[in-house]
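K.L.:
To start, I am sharing the structure in question, which I have written as structure tokens.
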Amino acid sequence: QKEVEQNSGPLSVPEGAIASLNCTYSDRGSQSFFWYRQYSGKSPELIMFIYSNGDKEDGRFTAQLNKASQYVSLLIRDSQPSDSATYLCAVNILSGGGADGLTFGKGTHLIIQP
Amino acid sequence: NAGVTQTPKFQVLKTGQSMTLQCAQDMNHNSMYWYRQDPGMGLRLIYYSASEGTTDKGEVPNGYNVSRLNKREFSLRLESAAPSQTSVYFCASSEAGLAGTDTQYFGPGTRLTVL
């Protein structure tokens, strides 16, 4: 049974500060890791993916993966009010010749306070 | 390039009625997925199709059937709707098949209420 755990929040961060979002997963076979952002009433929107241990940076966003600890995180630098949303962590185990769907955490509600 | 499209956007059904949710993608992706999202439960995989001509059950397949009509289209059918199927349904697609190509892109969702 694949499980992905996130703190549901809300996580409140002042504008301009660093927001840190965390996620743990249970299946050591997980190979790819995704962060999606979801605004209320909208569909999930991909922010970043990461496959290898270490850090991956894209603009204000940094994803961090530690497979030994089964831990993935997302850092948002210089947080803006427009970053206020629910952030979904998702993992995938690639099987055979195709992906078999993502297992999602329940999401962390992030609030950036002006 | 519309990405992933879903119809309808909203639907209200009575218990026992049937309906089909439609999904299409124009990104030439191999794999397509159906998820449902419920408050407090997160997104859960209903069915997926790794490639044209194949379908497989996900975490919560009971009460649903799917058809991969062609490479572009993947439909989800509720044969006899129940109030427990009230949810937001998302379709997604990915290139898949190779490591690094499994990023999934989501459609706008269908908000279904079963009375």
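In the structure tokens, chains take letters A, B, ... by order of appearance, with residues numbered from 1 within each chain and ligands from 1 in the order shown.
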Please tabulate, as a Markdown table, the residues of chain A that come within 12 Å of chain B, each with its closest pair of atoms and the distance in Å to one decimal, counting only C-alpha atoms and ordering rows by chain, then residue number upward.
P.N.:
```
| residue | atom | partner | partner_atom | distance |
| --- | --- | --- | --- | --- |
| A:Gln1 | CA | B:Glu59 | CA | 9.7 |
| A:Lys2 | CA | B:Glu59 | CA | 10.0 |
| A:Glu3 | CA | B:Arg44 | CA | 11.3 |
| A:Val4 | CA | B:Gly42 | CA | 10.4 |
| A:Glu5 | CA | B:Gly42 | CA | 10.8 |
| A:Gln6 | CA | B:Gly42 | CA | 10.7 |
| A:Asn7 | CA | B:Gly40 | CA | 11.9 |
| A:Ser8 | CA | B:Gly40 | CA | 9.1 |
| A:Gln31 | CA | B:Ala99 | CA | 8.8 |
| A:Ser32 | CA | B:Gly100 | CA | 8.0 |
| A:Phe33 | CA | B:Thr103 | CA | 9.3 |
| A:Phe34 | CA | B:Thr103 | CA | 7.9 |
| A:Trp35 | CA | B:Thr103 | CA | 10.4 |
| A:Tyr36 | CA | B:Gln104 | CA | 10.0 |
| A:Arg37 | CA | B:Phe106 | CA | 11.5 |
| A:Gln38 | CA | B:Phe106 | CA | 10.8 |
| A:Tyr39 | CA | B:Pro108 | CA | 11.6 |
| A:Ser40 | CA | B:Pro39 | CA | 11.6 |
| A:Gly41 | CA | B:Gly109 | CA | 9.1 |
| A:Lys42 | CA | B:Pro108 | CA | 6.5 |
| A:Ser43 | CA | B:Pro108 | CA | 5.3 |
| A:Pro44 | CA | B:Phe106 | CA | 6.4 |
| A:Glu45 | CA | B:Phe106 | CA | 7.2 |
| A:Leu46 | CA | B:Tyr105 | CA | 7.3 |
| A:Ile47 | CA | B:Thr103 | CA | 10.6 |
| A:Met48 | CA | B:Thr103 | CA | 9.3 |
| A:Phe49 | CA | B:Thr103 | CA | 7.7 |
| A:Ile50 | CA | B:Gly100 | CA | 9.1 |
| A:Tyr51 | CA | B:Gly100 | CA | 7.9 |
| A:Ser52 | CA | B:Gly100 | CA | 10.9 |
| A:Thr86 | CA | B:Gly42 | CA | 10.8 |
| A:Tyr87 | CA | B:Gly42 | CA | 11.0 |
| A:Leu88 | CA | B:Gly42 | CA | 8.6 |
| A:Cys89 | CA | B:Gly42 | CA | 10.3 |
| A:Ala90 | CA | B:Leu43 | CA | 9.6 |
| A:Val91 | CA | B:Thr103 | CA | 10.5 |
| A:Asn92 | CA | B:Asp102 | CA | 8.4 |
| A:Ile93 | CA | B:Asp102 | CA | 9.8 |
| A:Leu94 | CA | B:Ala99 | CA | 7.2 |
| A:Ser95 | CA | B:Gly97 | CA | 8.8 |
| A:Gly96 | CA | B:Gly97 | CA | 7.9 |
| A:Gly97 | CA | B:Gly97 | CA | 4.6 |
| A:Gly98 | CA | B:Gly97 | CA | 4.0 |
| A:Ala99 | CA | B:Ala96 | CA | 5.6 |
| A:Asp100 | CA | B:Ala50 | CA | 6.9 |
| A:Gly101 | CA | B:Leu45 | CA | 6.7 |
| A:Leu102 | CA | B:Leu45 | CA | 7.3 |
| A:Thr103 | CA | B:Arg44 | CA | 7.1 |
| A:Phe104 | CA | B:Leu43 | CA | 6.0 |
| A:Gly105 | CA | B:Gly42 | CA | 6.4 |
| A:Lys106 | CA | B:Gly42 | CA | 4.3 |
| A:Gly107 | CA | B:Gly42 | CA | 7.0 |
| A:Thr108 | CA | B:Gly42 | CA | 10.5 |
| A:His109 | CA | B:Gly40 | CA | 11.8 |
```
K.L.:
Neighbouring residues of Ile18 of chain A were defined as those with any atom within 7 Å, considering only C-alpha atoms; residues of the same chain fewer than 4 positions away were excluded. Please report them as an mmCIF file with N, CA and C atoms, in the first residue's frame.
P.N.:
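Writing done, so here's out-v1.cif:
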```
data_model
loop_
_atom_site.group_PDB
_atom_site.id
_atom_site.type_symbol
_atom_site.label_atom_id
_atom_site.label_comp_id
_atom_site.auth_asym_id
_atom_site.auth_seq_id
_atom_site.Cartn_x
_atom_site.Cartn_y
_atom_site.Cartn_z
ATOM 1 N N LEU A 75 10.655 24.074 -1.237
ATOM 2 C CA LEU A 75 10.916 25.382 -0.658
ATOM 3 C C LEU A 75 10.474 26.445 -1.651
ATOM 4 N N ILE A 76 9.769 27.441 -1.136
ATOM 5 C CA ILE A 76 9.358 28.566 -1.960
ATOM 6 C C ILE A 76 10.018 29.813 -1.379
ATOM 7 N N ARG A 77 10.929 30.384 -2.137
ATOM 8 C CA ARG A 77 11.626 31.595 -1.672
ATOM 9 C C ARG A 77 10.828 32.825 -2.054
ATOM 10 N N ASP A 78 11.048 33.916 -1.290
ATOM 11 C CA ASP A 78 10.378 35.190 -1.568
ATOM 12 C C ASP A 78 8.876 34.961 -1.805
ATOM 13 N N SER A 79 8.226 34.351 -0.821
ATOM 14 C CA SER A 79 6.811 33.977 -0.957
ATOM 15 C C SER A 79 5.940 35.185 -1.285
#
```
K.L.:
Run DSSP on the backbone and grab whatever in chain A lands in strand (DSSP E); send it over as a PyMOL selection string.
P.N.:
chain A and resi 4-5+11-14+19-25+32-38+45-50+54-58+61-66+71-76+85-92+94-95+98-99+103-104+108-113
K.L.:
Could those selected residues go to a file with C-alpha atoms, as a PDB file, in the first residue's frame?
P.N.:
```
ATOM      1  CA  VAL A   4       2.079   9.756   1.002  1.00  0.00           C
ATOM      2  CA  GLU A   5       1.849  11.928   4.096  1.00  0.00           C
ATOM      3  CA  LEU A  11       0.829  26.805   7.051  1.00  0.00           C
ATOM      4  CA  SER A  12       1.000  30.577   7.425  1.00  0.00           C
ATOM      5  CA  VAL A  13       4.113  32.385   6.133  1.00  0.00           C
ATOM      6  CA  PRO A  14       4.798  36.141   5.901  1.00  0.00           C
ATOM      7  CA  ALA A  19       7.819  28.571   2.795  1.00  0.00           C
ATOM      8  CA  SER A  20       8.862  24.989   3.517  1.00  0.00           C
ATOM      9  CA  LEU A  21       6.512  22.143   2.601  1.00  0.00           C
ATOM     10  CA  ASN A  22       7.259  18.565   3.564  1.00  0.00           C
ATOM     11  CA  CYS A  23       6.174  15.129   2.421  1.00  0.00           C
ATOM     12  CA  THR A  24       7.034  11.562   3.406  1.00  0.00           C
ATOM     13  CA  TYR A  25       6.260   8.394   1.478  1.00  0.00           C
ATOM     14  CA  SER A  32       9.593   9.905  -9.267  1.00  0.00           C
ATOM     15  CA  PHE A  33       8.242  12.713  -7.138  1.00  0.00           C
ATOM     16  CA  PHE A  34       6.046  15.633  -8.025  1.00  0.00           C
ATOM     17  CA  TRP A  35       4.791  18.845  -6.491  1.00  0.00           C
ATOM     18  CA  TYR A  36       1.485  20.224  -7.734  1.00  0.00           C
ATOM     19  CA  ARG A  37      -0.206  23.460  -6.775  1.00  0.00           C
ATOM     20  CA  GLN A  38      -3.990  23.612  -6.615  1.00  0.00           C
ATOM     21  CA  GLU A  45      -0.931  22.376 -11.787  1.00  0.00           C
ATOM     22  CA  LEU A  46       2.597  20.933 -11.939  1.00  0.00           C
ATOM     23  CA  ILE A  47       5.286  22.971 -10.179  1.00  0.00           C
ATOM     24  CA  MET A  48       8.250  20.614 -10.224  1.00  0.00           C
ATOM     25  CA  PHE A  49       9.342  17.018 -10.447  1.00  0.00           C
ATOM     26  CA  ILE A  50      12.460  15.360  -9.061  1.00  0.00           C
ATOM     27  CA  GLY A  54      19.540  16.161  -3.761  1.00  0.00           C
ATOM     28  CA  ASP A  55      18.173  19.556  -4.706  1.00  0.00           C
ATOM     29  CA  LYS A  56      16.558  20.798  -7.887  1.00  0.00           C
ATOM     30  CA  GLU A  57      15.935  24.488  -8.372  1.00  0.00           C
ATOM     31  CA  ASP A  58      13.505  26.239 -10.706  1.00  0.00           C
ATOM     32  CA  PHE A  61      11.112  26.883  -6.116  1.00  0.00           C
ATOM     33  CA  THR A  62      13.517  24.224  -4.849  1.00  0.00           C
ATOM     34  CA  ALA A  63      12.605  20.558  -4.523  1.00  0.00           C
ATOM     35  CA  GLN A  64      14.663  18.376  -2.212  1.00  0.00           C
ATOM     36  CA  LEU A  65      14.700  14.576  -2.247  1.00  0.00           C
ATOM     37  CA  ASN A  66      16.194  12.188   0.287  1.00  0.00           C
ATOM     38  CA  TYR A  71      11.378  12.450   2.353  1.00  0.00           C
ATOM     39  CA  VAL A  72      10.707  15.107  -0.258  1.00  0.00           C
ATOM     40  CA  SER A  73      10.259  18.816   0.333  1.00  0.00           C
ATOM     41  CA  LEU A  74       9.447  21.995  -1.541  1.00  0.00           C
ATOM     42  CA  LEU A  75      10.916  25.382  -0.658  1.00  0.00           C
ATOM     43  CA  ILE A  76       9.358  28.566  -1.960  1.00  0.00           C
ATOM     44  CA  ALA A  85      -2.838  27.532  -2.445  1.00  0.00           C
ATOM     45  CA  THR A  86      -2.895  23.859  -1.566  1.00  0.00           C
ATOM     46  CA  TYR A  87       0.328  22.039  -2.444  1.00  0.00           C
ATOM     47  CA  LEU A  88       0.053  18.379  -3.349  1.00  0.00           C
ATOM     48  CA  CYS A  89       2.928  15.935  -3.111  1.00  0.00           C
ATOM     49  CA  ALA A  90       2.706  12.910  -5.419  1.00  0.00           C
ATOM     50  CA  VAL A  91       4.861   9.853  -6.035  1.00  0.00           C
ATOM     51  CA  ASN A  92       5.011   7.303  -8.811  1.00  0.00           C
ATOM     52  CA  LEU A  94       7.207   3.297 -12.927  1.00  0.00           C
ATOM     53  CA  SER A  95       6.245  -0.220 -13.900  1.00  0.00           C
ATOM     54  CA  GLY A  98       4.193   2.751 -18.600  1.00  0.00           C
ATOM     55  CA  ALA A  99       3.309   4.760 -15.539  1.00  0.00           C
ATOM     56  CA  THR A 103      -0.299   8.446  -5.323  1.00  0.00           C
ATOM     57  CA  PHE A 104      -1.111  11.808  -3.802  1.00  0.00           C
ATOM     58  CA  THR A 108      -0.814  21.285   2.593  1.00  0.00           C
ATOM     59  CA  HIS A 109      -2.810  24.505   2.630  1.00  0.00           C
ATOM     60  CA  LEU A 110      -0.341  27.405   2.411  1.00  0.00           C
ATOM     61  CA  ILE A 111      -1.301  30.965   3.291  1.00  0.00           C
ATOM     62  CA  ILE A 112       1.062  33.839   2.489  1.00  0.00           C
ATOM     63  CA  GLN A 113       0.254  36.791   4.687  1.00  0.00           C
TER      64      GLN A 113
END
```
